[in-house]
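So this one's coords-v4.csv, CSV, N, CA and C atoms:
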```csv
chain,number,residue,atom,x,y,z
A,16,MET,N,73.8,127.0,99.4
A,16,MET,CA,72.8,127.1,98.3
A,16,MET,C,72.8,128.5,97.7
A,17,THR,N,72.9,128.6,96.4
A,17,THR,CA,72.9,129.9,95.8
A,17,THR,C,71.5,130.3,95.4
A,18,PHE,N,71.2,131.6,95.7
A,18,PHE,CA,69.9,132.2,95.3
A,18,PHE,C,69.9,132.4,93.8
A,19,ARG,N,68.8,132.1,93.2
A,19,ARG,CA,68.7,132.3,91.7
A,19,ARG,C,67.4,133.0,91.4
A,20,ILE,N,67.4,134.3,91.3
A,20,ILE,CA,66.2,135.1,91.0
A,20,ILE,C,65.6,134.6,89.7
A,21,ASP,N,66.4,134.2,88.7
A,21,ASP,CA,65.9,133.8,87.4
A,21,ASP,C,65.0,132.6,87.5
A,22,ARG,N,65.3,131.8,88.5
A,22,ARG,CA,64.4,130.6,88.7
A,22,ARG,C,63.0,130.9,89.2
A,23,VAL,N,62.9,132.1,89.8
A,23,VAL,CA,61.6,132.6,90.3
A,23,VAL,C,60.9,133.4,89.2
A,24,VAL,N,61.6,134.3,88.6
A,24,VAL,CA,61.0,135.2,87.7
A,24,VAL,C,61.3,135.0,86.2
A,25,GLY,N,62.2,134.1,85.9
A,25,GLY,CA,62.7,133.9,84.5
A,25,GLY,C,63.8,134.8,84.2
A,26,ALA,N,64.6,134.4,83.2
A,26,ALA,CA,65.8,135.1,82.8
A,26,ALA,C,65.6,136.6,82.3
A,27,GLU,N,64.6,136.8,81.5
A,27,GLU,CA,64.3,138.1,81.0
A,27,GLU,C,63.9,139.1,82.1
A,28,ALA,N,63.0,138.6,83.0
A,28,ALA,CA,62.6,139.5,84.1
A,28,ALA,C,63.7,139.8,85.0
A,29,ALA,N,64.6,138.8,85.3
A,29,ALA,CA,65.7,138.9,86.2
A,29,ALA,C,66.7,140.0,85.6
A,30,ALA,N,66.9,139.9,84.3
A,30,ALA,CA,67.8,140.9,83.7
A,30,ALA,C,67.2,142.3,83.8
A,31,GLU,N,65.8,142.4,83.7
A,31,GLU,CA,65.2,143.7,83.8
A,31,GLU,C,65.3,144.3,85.2
A,32,LEU,N,65.1,143.4,86.2
A,32,LEU,CA,65.3,143.8,87.6
A,32,LEU,C,66.7,144.3,87.9
A,33,VAL,N,67.7,143.6,87.4
A,33,VAL,CA,69.1,144.0,87.6
A,33,VAL,C,69.3,145.3,86.9
A,34,ASP,N,68.8,145.5,85.7
A,34,ASP,CA,69.1,146.7,85.0
A,34,ASP,C,68.4,147.9,85.6
A,35,ARG,N,67.2,147.7,86.2
A,35,ARG,CA,66.5,148.8,86.8
A,35,ARG,C,67.3,149.2,88.1
A,36,TYR,N,67.8,148.2,88.8
A,36,TYR,CA,68.6,148.6,90.0
A,36,TYR,C,69.9,149.3,89.6
A,37,ARG,N,70.5,148.8,88.5
A,37,ARG,CA,71.7,149.4,88.0
A,37,ARG,C,71.4,150.9,87.7
A,38,ALA,N,70.3,151.2,87.0
A,38,ALA,CA,70.0,152.6,86.6
A,38,ALA,C,69.8,153.4,87.9
A,39,ALA,N,69.1,152.8,88.9
A,39,ALA,CA,68.9,153.6,90.1
A,39,ALA,C,70.2,153.9,90.8
A,40,LEU,N,71.1,152.9,90.9
A,40,LEU,CA,72.4,153.2,91.5
A,40,LEU,C,73.2,154.3,90.8
A,41,CYS,N,73.1,154.3,89.4
A,41,CYS,CA,73.8,155.3,88.7
A,41,CYS,C,73.2,156.7,89.0
A,42,GLU,N,71.8,156.8,89.0
A,42,GLU,CA,71.2,158.0,89.2
A,42,GLU,C,71.3,158.5,90.6
A,43,GLN,N,70.9,157.7,91.6
A,43,GLN,CA,70.8,158.1,93.0
A,43,GLN,C,72.2,158.2,93.6
A,44,ASP,N,73.1,157.3,93.3
A,44,ASP,CA,74.4,157.2,94.0
A,44,ASP,C,75.5,157.7,93.2
A,45,LEU,N,75.2,158.1,91.9
A,45,LEU,CA,76.2,158.6,91.0
A,45,LEU,C,77.4,157.6,90.8
A,46,LEU,N,77.1,156.3,90.8
A,46,LEU,CA,78.1,155.3,90.5
A,46,LEU,C,78.3,155.2,89.0
A,47,PRO,N,79.5,154.9,88.6
A,47,PRO,CA,79.8,154.6,87.2
A,47,PRO,C,79.0,153.4,86.8
A,48,ASP,N,78.6,153.3,85.5
A,48,ASP,CA,77.7,152.3,85.0
A,48,ASP,C,78.2,150.9,85.3
A,49,ALA,N,79.5,150.6,85.0
A,49,ALA,CA,80.1,149.3,85.3
A,49,ALA,C,80.0,148.9,86.7
A,50,THR,N,80.3,149.8,87.6
A,50,THR,CA,80.3,149.6,89.1
A,50,THR,C,78.8,149.3,89.5
A,51,ALA,N,77.9,150.1,89.0
A,51,ALA,CA,76.5,149.9,89.4
A,51,ALA,C,76.0,148.6,88.9
A,52,LEU,N,76.4,148.2,87.7
A,52,LEU,CA,76.0,146.9,87.2
A,52,LEU,C,76.5,145.8,88.0
A,53,ALA,N,77.8,145.8,88.4
A,53,ALA,CA,78.4,144.8,89.2
A,53,ALA,C,77.7,144.7,90.6
A,54,ILE,N,77.3,145.8,91.2
A,54,ILE,CA,76.6,145.8,92.5
A,54,ILE,C,75.2,145.3,92.3
A,55,ALA,N,74.5,145.7,91.3
A,55,ALA,CA,73.2,145.2,91.0
A,55,ALA,C,73.1,143.7,90.8
A,56,ARG,N,74.1,143.2,90.0
A,56,ARG,CA,74.1,141.7,89.7
A,56,ARG,C,74.4,141.0,91.0
A,57,GLN,N,75.3,141.5,91.8
A,57,GLN,CA,75.7,140.8,93.1
A,57,GLN,C,74.5,140.8,94.1
A,58,ALA,N,73.8,141.9,94.1
A,58,ALA,CA,72.7,142.0,95.1
A,58,ALA,C,71.6,141.0,94.7
A,59,TYR,N,71.3,140.8,93.4
A,59,TYR,CA,70.3,139.8,93.1
A,59,TYR,C,70.8,138.4,93.2
A,60,GLU,N,72.1,138.2,92.8
A,60,GLU,CA,72.7,136.9,92.9
A,60,GLU,C,72.7,136.4,94.4
A,61,ASP,N,72.9,137.4,95.3
A,61,ASP,CA,73.0,137.0,96.7
A,61,ASP,C,71.6,137.0,97.4
A,62,GLY,N,70.6,137.4,96.6
A,62,GLY,CA,69.2,137.5,97.2
A,62,GLY,C,69.1,138.5,98.3
A,63,TYR,N,69.8,139.6,98.1
A,63,TYR,CA,69.9,140.7,99.2
A,63,TYR,C,68.5,141.2,99.4
A,64,ILE,N,68.0,140.8,100.6
A,64,ILE,CA,66.5,141.0,100.9
A,64,ILE,C,66.1,142.5,100.8
A,65,TYR,N,67.0,143.4,101.1
A,65,TYR,CA,66.6,144.8,101.0
A,65,TYR,C,66.4,145.3,99.6
A,66,VAL,N,66.9,144.6,98.6
A,66,VAL,CA,66.7,144.9,97.2
A,66,VAL,C,65.6,144.0,96.6
A,67,VAL,N,65.6,142.8,97.0
A,67,VAL,CA,64.7,141.8,96.4
A,67,VAL,C,63.2,141.9,96.9
A,68,ALA,N,63.0,142.2,98.2
A,68,ALA,CA,61.6,142.2,98.7
A,68,ALA,C,60.7,143.2,98.0
A,69,SER,N,59.5,142.7,97.6
A,69,SER,CA,58.6,143.5,96.8
A,69,SER,C,57.2,143.0,97.1
A,70,ARG,N,56.3,144.0,96.9
A,70,ARG,CA,54.8,143.7,97.1
A,70,ARG,C,54.4,142.6,96.1
A,71,GLY,N,53.5,141.7,96.7
A,71,GLY,CA,53.0,140.6,95.8
A,71,GLY,C,53.7,139.3,95.8
A,72,GLN,N,55.0,139.3,96.4
A,72,GLN,CA,55.8,138.1,96.4
A,72,GLN,C,55.2,137.1,97.4
A,73,VAL,N,55.5,135.8,97.1
A,73,VAL,CA,55.1,134.8,98.0
A,73,VAL,C,56.4,134.2,98.5
A,74,TRP,N,56.6,134.1,99.9
A,74,TRP,CA,57.7,133.5,100.5
A,74,TRP,C,57.3,132.2,101.3
A,75,SER,N,58.0,131.1,101.1
A,75,SER,CA,57.6,129.9,101.7
A,75,SER,C,58.7,129.6,102.8
A,76,ARG,N,58.2,129.0,103.9
A,76,ARG,CA,59.2,128.7,105.0
A,76,ARG,C,60.2,127.7,104.5
A,77,ARG,N,61.4,127.9,105.0
A,77,ARG,CA,62.6,127.1,104.6
A,77,ARG,C,62.5,125.7,105.2
A,78,GLU,N,62.0,125.5,106.4
A,78,GLU,CA,62.0,124.2,107.0
A,78,GLU,C,60.7,124.1,107.9
A,79,PHE,N,60.4,122.9,108.4
A,79,PHE,CA,59.2,122.8,109.2
A,79,PHE,C,59.4,123.6,110.5
A,80,SER,N,58.3,124.3,110.8
A,80,SER,CA,58.2,125.1,112.0
A,80,SER,C,56.8,125.1,112.5
A,81,ARG,N,56.7,125.0,113.8
A,81,ARG,CA,55.3,125.1,114.5
A,81,ARG,C,54.9,126.5,114.6
A,82,THR,N,55.8,127.4,114.5
A,82,THR,CA,55.4,128.8,114.7
A,82,THR,C,55.3,129.6,113.4
A,83,ASP,N,56.1,129.3,112.4
A,83,ASP,CA,56.0,130.0,111.1
A,83,ASP,C,54.9,129.5,110.2
A,84,PRO,N,54.2,130.4,109.5
A,84,PRO,CA,53.2,129.9,108.6
A,84,PRO,C,53.9,129.3,107.4
A,85,ARG,N,53.2,128.4,106.7
A,85,ARG,CA,53.7,127.7,105.5
A,85,ARG,C,54.2,128.7,104.4
A,86,GLU,N,53.4,129.8,104.2
A,86,GLU,CA,53.9,130.8,103.3
A,86,GLU,C,53.3,132.1,103.6
A,87,LEU,N,53.9,133.2,103.1
A,87,LEU,CA,53.5,134.5,103.4
A,87,LEU,C,53.5,135.3,102.0
A,88,ARG,N,52.4,136.1,101.8
A,88,ARG,CA,52.4,137.0,100.7
A,88,ARG,C,52.7,138.4,101.2
A,89,VAL,N,53.6,139.1,100.5
A,89,VAL,CA,54.0,140.4,100.9
A,89,VAL,C,53.0,141.4,100.4
A,90,ILE,N,52.4,142.2,101.4
A,90,ILE,CA,51.4,143.2,101.1
A,90,ILE,C,52.1,144.5,100.8
A,91,THR,N,53.0,144.9,101.7
A,91,THR,CA,53.8,146.1,101.6
A,91,THR,C,55.2,145.9,102.2
A,92,VAL,N,56.1,146.7,101.7
A,92,VAL,CA,57.5,146.7,102.3
A,92,VAL,C,57.7,148.2,102.8
A,93,SER,N,58.2,148.3,104.0
A,93,SER,CA,58.4,149.7,104.5
A,93,SER,C,59.7,149.8,105.3
A,94,ASN,N,60.1,151.0,105.5
A,94,ASN,CA,61.2,151.3,106.4
A,94,ASN,C,60.8,152.5,107.2
A,95,THR,N,60.8,152.4,108.5
A,95,THR,CA,60.5,153.5,109.4
A,95,THR,C,61.5,153.5,110.5
A,96,THR,N,61.6,154.7,111.1
A,96,THR,CA,62.6,154.9,112.2
A,96,THR,C,62.3,154.0,113.4
A,97,VAL,N,61.0,153.7,113.6
A,97,VAL,CA,60.6,152.9,114.7
A,97,VAL,C,60.7,151.4,114.4
A,98,GLY,N,60.2,151.0,113.3
A,98,GLY,CA,60.1,149.6,113.0
A,98,GLY,C,61.3,149.0,112.1
A,99,GLY,N,62.0,149.9,111.5
A,99,GLY,CA,63.1,149.4,110.6
A,99,GLY,C,62.5,148.9,109.3
A,100,HIS,N,63.3,148.1,108.6
A,100,HIS,CA,62.9,147.5,107.4
A,100,HIS,C,62.0,146.3,107.6
A,101,THR,N,60.7,146.4,107.3
A,101,THR,CA,59.7,145.3,107.5
A,101,THR,C,58.9,145.1,106.3
A,102,ALA,N,58.2,143.9,106.4
A,102,ALA,CA,57.2,143.6,105.4
A,102,ALA,C,55.9,143.3,106.1
A,103,LEU,N,54.8,143.9,105.6
A,103,LEU,CA,53.5,143.5,106.1
A,103,LEU,C,53.1,142.3,105.2
A,104,CYS,N,52.9,141.1,105.8
A,104,CYS,CA,52.6,139.9,105.1
A,104,CYS,C,51.3,139.3,105.5
A,105,GLN,N,50.7,138.5,104.6
A,105,GLN,CA,49.5,137.8,104.9
A,105,GLN,C,49.7,136.3,104.6
A,106,GLU,N,49.2,135.5,105.5
A,106,GLU,CA,49.3,134.1,105.3
A,106,GLU,C,48.0,133.6,104.6
A,107,PRO,N,48.0,132.4,104.1
A,107,PRO,CA,46.8,131.9,103.3
A,107,PRO,C,45.5,131.9,104.1
A,108,LEU,N,45.6,131.8,105.4
A,108,LEU,CA,44.4,131.8,106.3
A,108,LEU,C,43.9,133.2,106.5
A,109,GLY,N,44.6,134.2,106.0
A,109,GLY,CA,44.2,135.6,106.2
A,109,GLY,C,44.8,136.4,107.3
A,110,LEU,N,45.6,135.7,108.2
A,110,LEU,CA,46.3,136.4,109.3
A,110,LEU,C,47.4,137.3,108.7
A,111,PHE,N,47.6,138.5,109.4
A,111,PHE,CA,48.6,139.4,109.0
A,111,PHE,C,49.8,139.3,109.9
A,112,HIS,N,51.0,139.6,109.4
A,112,HIS,CA,52.2,139.6,110.2
A,112,HIS,C,53.1,140.7,109.7
A,113,VAL,N,53.7,141.4,110.7
A,113,VAL,CA,54.8,142.4,110.3
A,113,VAL,C,56.1,141.7,110.6
A,114,VAL,N,56.9,141.5,109.5
A,114,VAL,CA,58.1,140.6,109.6
A,114,VAL,C,59.3,141.5,109.3
A,115,PRO,N,60.3,141.6,110.2
A,115,PRO,CA,61.5,142.3,109.8
A,115,PRO,C,62.1,141.6,108.5
A,116,LEU,N,62.6,142.4,107.6
A,116,LEU,CA,63.1,141.8,106.3
A,116,LEU,C,64.3,140.8,106.6
A,117,SER,N,65.1,141.0,107.6
A,117,SER,CA,66.2,140.1,107.9
A,117,SER,C,65.6,138.7,108.3
A,118,GLU,N,64.5,138.7,109.1
A,118,GLU,CA,63.8,137.4,109.5
A,118,GLU,C,63.2,136.8,108.3
A,119,LEU,N,62.6,137.6,107.4
A,119,LEU,CA,62.0,137.0,106.2
A,119,LEU,C,63.0,136.2,105.4
A,120,ALA,N,64.2,136.8,105.2
A,120,ALA,CA,65.3,136.2,104.5
A,120,ALA,C,65.8,135.0,105.2
A,121,GLU,N,65.8,135.0,106.5
A,121,GLU,CA,66.4,133.9,107.3
A,121,GLU,C,65.5,132.7,107.3
A,122,ARG,N,64.2,132.9,107.5
A,122,ARG,CA,63.3,131.8,107.8
A,122,ARG,C,62.5,131.4,106.5
A,123,PHE,N,62.5,132.2,105.5
A,123,PHE,CA,61.7,131.9,104.3
A,123,PHE,C,62.5,132.0,103.0
A,124,VAL,N,62.0,131.4,101.9
A,124,VAL,CA,62.6,131.5,100.6
A,124,VAL,C,61.6,132.0,99.6
A,125,LEU,N,62.0,132.9,98.8
A,125,LEU,CA,61.2,133.5,97.7
A,125,LEU,C,60.7,132.4,96.8
A,126,THR,N,59.4,132.2,96.6
A,126,THR,CA,59.0,131.1,95.7
A,126,THR,C,58.1,131.6,94.6
A,127,GLU,N,57.6,132.9,94.7
A,127,GLU,CA,56.7,133.4,93.6
A,127,GLU,C,56.8,134.9,93.6
A,128,TRP,N,57.0,135.4,92.3
A,128,TRP,CA,57.1,136.8,92.1
A,128,TRP,C,55.8,137.3,91.5
A,129,PRO,N,55.2,138.4,91.8
A,129,PRO,CA,54.0,138.8,91.2
A,129,PRO,C,54.0,139.0,89.7
A,130,ASP,N,53.0,138.6,89.0
A,130,ASP,CA,52.9,138.7,87.6
A,130,ASP,C,52.6,140.2,87.3
A,131,PRO,N,53.5,140.9,86.6
A,131,PRO,CA,53.3,142.4,86.4
A,131,PRO,C,52.0,142.6,85.5
A,132,ALA,N,51.6,141.7,84.8
A,132,ALA,CA,50.4,141.9,83.9
A,132,ALA,C,49.1,141.8,84.8
A,133,HIS,N,49.2,141.3,86.0
A,133,HIS,CA,48.0,141.2,86.8
A,133,HIS,C,48.1,141.9,88.1
A,134,GLY,N,49.0,143.0,88.1
A,134,GLY,CA,49.1,143.9,89.3
A,134,GLY,C,49.8,143.3,90.4
```
Could I get this file's structure written as structure tokens?
Amino acid sequence: MTFRIDRVVGAEAAAELVDRYRAALCEQDLLPDATALAIARQAYEDGYIYVVASRGQVWSRREFSRTDPRELRVITVSNTTVGGHTALCQEPLGLFHVVPLSELAERFVLTEWPDPAHG
């Protein structure tokens, strides 16, 4: 199954996300524009969790599980030397979970991107 960010956010927003990441790669990593664009496109096409994960997103579990919540809303994404790349998430019942980004990508699928007009 291929990840399609445009199905979640729309084609225009997906292009903006890719372009923003391209610009960051050019500025921070000093990559040539064409190389940065190719990497940015591939990262979003592959659903690379370390690029895609963002505050306000809703992730729904991929399959039935007695232990995973039905869905999680990302509150914050962080990277620490102790915890690594994690997301603080809240389930609909209000419980909070700290989830490693690799597990979020493995057990959940991105189903909703925050509306920039509503914070």
In the coordinate frame of the file, compute which residues have an atom within 7 Å of (63.1, 131.9, 104.6) when using only N, CA and C atoms, and state them as a list in words. Trp74, Ser75, Arg76, Arg77, Glu78, Glu118, Leu119, Ala120, Glu121, Arg122, Phe123, Val124 and Leu125 of chain A
Take the residues that were just selected and, keeping N, CA and C atoms, output them as an mmCIF file, in the coordinates of the input.
```
data_model
loop_
_atom_site.group_PDB
_atom_site.id
_atom_site.type_symbol
_atom_site.label_atom_id
_atom_site.label_comp_id
_atom_site.auth_asym_id
_atom_site.auth_seq_id
_atom_site.Cartn_x
_atom_site.Cartn_y
_atom_site.Cartn_z
ATOM 1 N N TRP A 74 56.600 134.100 99.900
ATOM 2 C CA TRP A 74 57.700 133.500 100.500
ATOM 3 C C TRP A 74 57.300 132.200 101.300
ATOM 4 N N SER A 75 58.000 131.100 101.100
ATOM 5 C CA SER A 75 57.600 129.900 101.700
ATOM 6 C C SER A 75 58.700 129.600 102.800
ATOM 7 N N ARG A 76 58.200 129.000 103.900
ATOM 8 C CA ARG A 76 59.200 128.700 105.000
ATOM 9 C C ARG A 76 60.200 127.700 104.500
ATOM 10 N N ARG A 77 61.400 127.900 105.000
ATOM 11 C CA ARG A 77 62.600 127.100 104.600
ATOM 12 C C ARG A 77 62.500 125.700 105.200
ATOM 13 N N GLU A 78 62.000 125.500 106.400
ATOM 14 C CA GLU A 78 62.000 124.200 107.000
ATOM 15 C C GLU A 78 60.700 124.100 107.900
ATOM 16 N N GLU A 118 64.500 138.700 109.100
ATOM 17 C CA GLU A 118 63.800 137.400 109.500
ATOM 18 C C GLU A 118 63.200 136.800 108.300
ATOM 19 N N LEU A 119 62.600 137.600 107.400
ATOM 20 C CA LEU A 119 62.000 137.000 106.200
ATOM 21 C C LEU A 119 63.000 136.200 105.400
ATOM 22 N N ALA A 120 64.200 136.800 105.200
ATOM 23 C CA ALA A 120 65.300 136.200 104.500
ATOM 24 C C ALA A 120 65.800 135.000 105.200
ATOM 25 N N GLU A 121 65.800 135.000 106.500
ATOM 26 C CA GLU A 121 66.400 133.900 107.300
ATOM 27 C C GLU A 121 65.500 132.700 107.300
ATOM 28 N N ARG A 122 64.200 132.900 107.500
ATOM 29 C CA ARG A 122 63.300 131.800 107.800
ATOM 30 C C ARG A 122 62.500 131.400 106.500
ATOM 31 N N PHE A 123 62.500 132.200 105.500
ATOM 32 C CA PHE A 123 61.700 131.900 104.300
ATOM 33 C C PHE A 123 62.500 132.000 103.000
ATOM 34 N N VAL A 124 62.000 131.400 101.900
ATOM 35 C CA VAL A 124 62.600 131.500 100.600
ATOM 36 C C VAL A 124 61.600 132.000 99.600
ATOM 37 N N LEU A 125 62.000 132.900 98.800
ATOM 38 C CA LEU A 125 61.200 133.500 97.700
ATOM 39 C C LEU A 125 60.700 132.400 96.800
#
```
Given only C-alpha atoms as the counted atoms, nearest of A:Leu52, A:Leu103, A:Leu116, A:Ala68 to Ala30 in chain A: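 The answer is A:Leu52, which sits nearest to Ala30 in chain A.
Shortest atom-to-atom contact with Gly71 in chain A among A:Leu46, A:Ala29, A:Ile54, A:Ile90: A:Ile90, counting all atoms listed in the file.
Going from atom C of Arg22 in chain A over to CA of Glu60 in chain A, you cover 12.0 Å.
Across the structure, CA of Trp128 in chain A and atom C of Gln72 in chain A are spaced 5.6 Å apart.
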Considering only strand (DSSP E) as DSSP defines it on the backbone, what residues of chain A qualify? List them as a ChimeraX atom specification. /A:73-76,86-95,99-105,111-115,123-127
Need the shell around range 37-43 of chain A: protein/DNA/RNA residues with any atom at most 6 Å away, counting all atoms listed in the file. Skip same-chain ones fewer than 5 positions apart. Format as a short mmCIF file (atom, residue, chain, number, x, y, z; two decimals) with N, CA and C atoms, keeping the file's coordinate frame?
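Heads up, here's the output in part-v1.cif:
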```cif
data_model
loop_
_atom_site.label_atom_id
_atom_site.label_comp_id
_atom_site.auth_asym_id
_atom_site.auth_seq_id
_atom_site.Cartn_x
_atom_site.Cartn_y
_atom_site.Cartn_z
N LEU A 32 65.10 143.40 86.20
CA LEU A 32 65.30 143.80 87.60
C LEU A 32 66.70 144.30 87.90
N ALA A 51 77.90 150.10 89.00
CA ALA A 51 76.50 149.90 89.40
C ALA A 51 76.00 148.60 88.90
N LEU A 52 76.40 148.20 87.70
CA LEU A 52 76.00 146.90 87.20
C LEU A 52 76.50 145.80 88.00
N ALA A 55 74.50 145.70 91.30
CA ALA A 55 73.20 145.20 91.00
C ALA A 55 73.10 143.70 90.80
#
```
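Considering the residues A:Val24, A:Val33, A:Val97, A:Val92 and counting all atoms listed in the file, Gln57 in chain A has its shortest atom-to-atom contact with A:Val33.
Nearest to Val66 in chain A of all the residues A:Arg88, A:Tyr36, A:His112, A:Pro47 is A:Tyr36, based on only C-alpha atoms.
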Missing atoms in range 38-46 of chain A need filling: write out all heavy atoms for it as a PDB file, in the frame of the given file.
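The resulting file, selection14.pdb, is shown below:
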```
ATOM      1  N   ALA A  38      70.300 151.200  87.000  1.00  0.00           N
ATOM      2  CA  ALA A  38      70.000 152.600  86.600  1.00  0.00           C
ATOM      3  C   ALA A  38      69.800 153.400  87.900  1.00  0.00           C
ATOM      4  O   ALA A  38      70.185 154.575  87.938  1.00  0.00           O
ATOM      5  CB  ALA A  38      68.751 152.554  85.760  1.00  0.00           C
ATOM      6  N   ALA A  39      69.100 152.800  88.900  1.00  0.00           N
ATOM      7  CA  ALA A  39      68.900 153.600  90.100  1.00  0.00           C
ATOM      8  C   ALA A  39      70.200 153.900  90.800  1.00  0.00           C
ATOM      9  O   ALA A  39      70.345 155.017  91.357  1.00  0.00           O
ATOM     10  CB  ALA A  39      67.936 152.794  91.059  1.00  0.00           C
ATOM     11  N   LEU A  40      71.100 152.900  90.900  1.00  0.00           N
ATOM     12  CA  LEU A  40      72.400 153.200  91.500  1.00  0.00           C
ATOM     13  C   LEU A  40      73.200 154.300  90.800  1.00  0.00           C
ATOM     14  O   LEU A  40      73.848 155.104  91.382  1.00  0.00           O
ATOM     15  CB  LEU A  40      73.213 151.890  91.545  1.00  0.00           C
ATOM     16  CG  LEU A  40      72.725 150.832  92.528  1.00  0.00           C
ATOM     17  CD1 LEU A  40      73.469 149.523  92.304  1.00  0.00           C
ATOM     18  CD2 LEU A  40      72.878 151.308  93.960  1.00  0.00           C
ATOM     19  N   CYS A  41      73.100 154.300  89.400  1.00  0.00           N
ATOM     20  CA  CYS A  41      73.800 155.300  88.700  1.00  0.00           C
ATOM     21  C   CYS A  41      73.200 156.700  89.000  1.00  0.00           C
ATOM     22  O   CYS A  41      73.905 157.679  89.169  1.00  0.00           O
ATOM     23  CB  CYS A  41      73.658 155.043  87.159  1.00  0.00           C
ATOM     24  SG  CYS A  41      74.673 153.696  86.569  1.00  0.00           S
ATOM     25  N   GLU A  42      71.800 156.800  89.000  1.00  0.00           N
ATOM     26  CA  GLU A  42      71.200 158.000  89.200  1.00  0.00           C
ATOM     27  C   GLU A  42      71.300 158.500  90.600  1.00  0.00           C
ATOM     28  O   GLU A  42      71.615 159.679  90.868  1.00  0.00           O
ATOM     29  CB  GLU A  42      69.698 157.914  88.760  1.00  0.00           C
ATOM     30  CG  GLU A  42      68.930 159.217  88.881  1.00  0.00           C
ATOM     31  CD  GLU A  42      67.484 159.070  88.449  1.00  0.00           C
ATOM     32  OE1 GLU A  42      67.225 158.329  87.480  1.00  0.00           O
ATOM     33  OE2 GLU A  42      66.638 159.696  89.093  1.00  0.00           O
ATOM     34  N   GLN A  43      70.900 157.700  91.600  1.00  0.00           N
ATOM     35  CA  GLN A  43      70.800 158.100  93.000  1.00  0.00           C
ATOM     36  C   GLN A  43      72.200 158.200  93.600  1.00  0.00           C
ATOM     37  O   GLN A  43      72.422 159.095  94.456  1.00  0.00           O
ATOM     38  CB  GLN A  43      69.942 157.151  93.754  1.00  0.00           C
ATOM     39  CG  GLN A  43      68.511 157.174  93.291  1.00  0.00           C
ATOM     40  CD  GLN A  43      67.689 156.056  93.916  1.00  0.00           C
ATOM     41  OE1 GLN A  43      68.150 155.346  94.793  1.00  0.00           O
ATOM     42  NE2 GLN A  43      66.468 155.887  93.438  1.00  0.00           N
ATOM     43  N   ASP A  44      73.100 157.300  93.300  1.00  0.00           N
ATOM     44  CA  ASP A  44      74.400 157.200  94.000  1.00  0.00           C
ATOM     45  C   ASP A  44      75.500 157.700  93.200  1.00  0.00           C
ATOM     46  O   ASP A  44      76.679 157.670  93.631  1.00  0.00           O
ATOM     47  CB  ASP A  44      74.631 155.764  94.520  1.00  0.00           C
ATOM     48  CG  ASP A  44      73.568 155.298  95.504  1.00  0.00           C
ATOM     49  OD1 ASP A  44      73.105 156.108  96.317  1.00  0.00           O
ATOM     50  OD2 ASP A  44      73.194 154.113  95.447  1.00  0.00           O
ATOM     51  N   LEU A  45      75.200 158.100  91.900  1.00  0.00           N
ATOM     52  CA  LEU A  45      76.200 158.600  91.000  1.00  0.00           C
ATOM     53  C   LEU A  45      77.400 157.600  90.800  1.00  0.00           C
ATOM     54  O   LEU A  45      78.522 158.046  90.606  1.00  0.00           O
ATOM     55  CB  LEU A  45      76.734 159.961  91.501  1.00  0.00           C
ATOM     56  CG  LEU A  45      75.656 161.032  91.748  1.00  0.00           C
ATOM     57  CD1 LEU A  45      76.279 162.289  92.322  1.00  0.00           C
ATOM     58  CD2 LEU A  45      74.872 161.329  90.479  1.00  0.00           C
ATOM     59  N   LEU A  46      77.100 156.300  90.800  1.00  0.00           N
ATOM     60  CA  LEU A  46      78.100 155.300  90.500  1.00  0.00           C
ATOM     61  C   LEU A  46      78.300 155.200  89.000  1.00  0.00           C
ATOM     62  O   LEU A  46      77.400 155.378  88.193  1.00  0.00           O
ATOM     63  CB  LEU A  46      77.624 153.979  91.033  1.00  0.00           C
ATOM     64  CG  LEU A  46      77.508 153.837  92.547  1.00  0.00           C
ATOM     65  CD1 LEU A  46      76.951 152.464  92.899  1.00  0.00           C
ATOM     66  CD2 LEU A  46      78.853 154.049  93.209  1.00  0.00           C
TER      67      LEU A  46
END
```
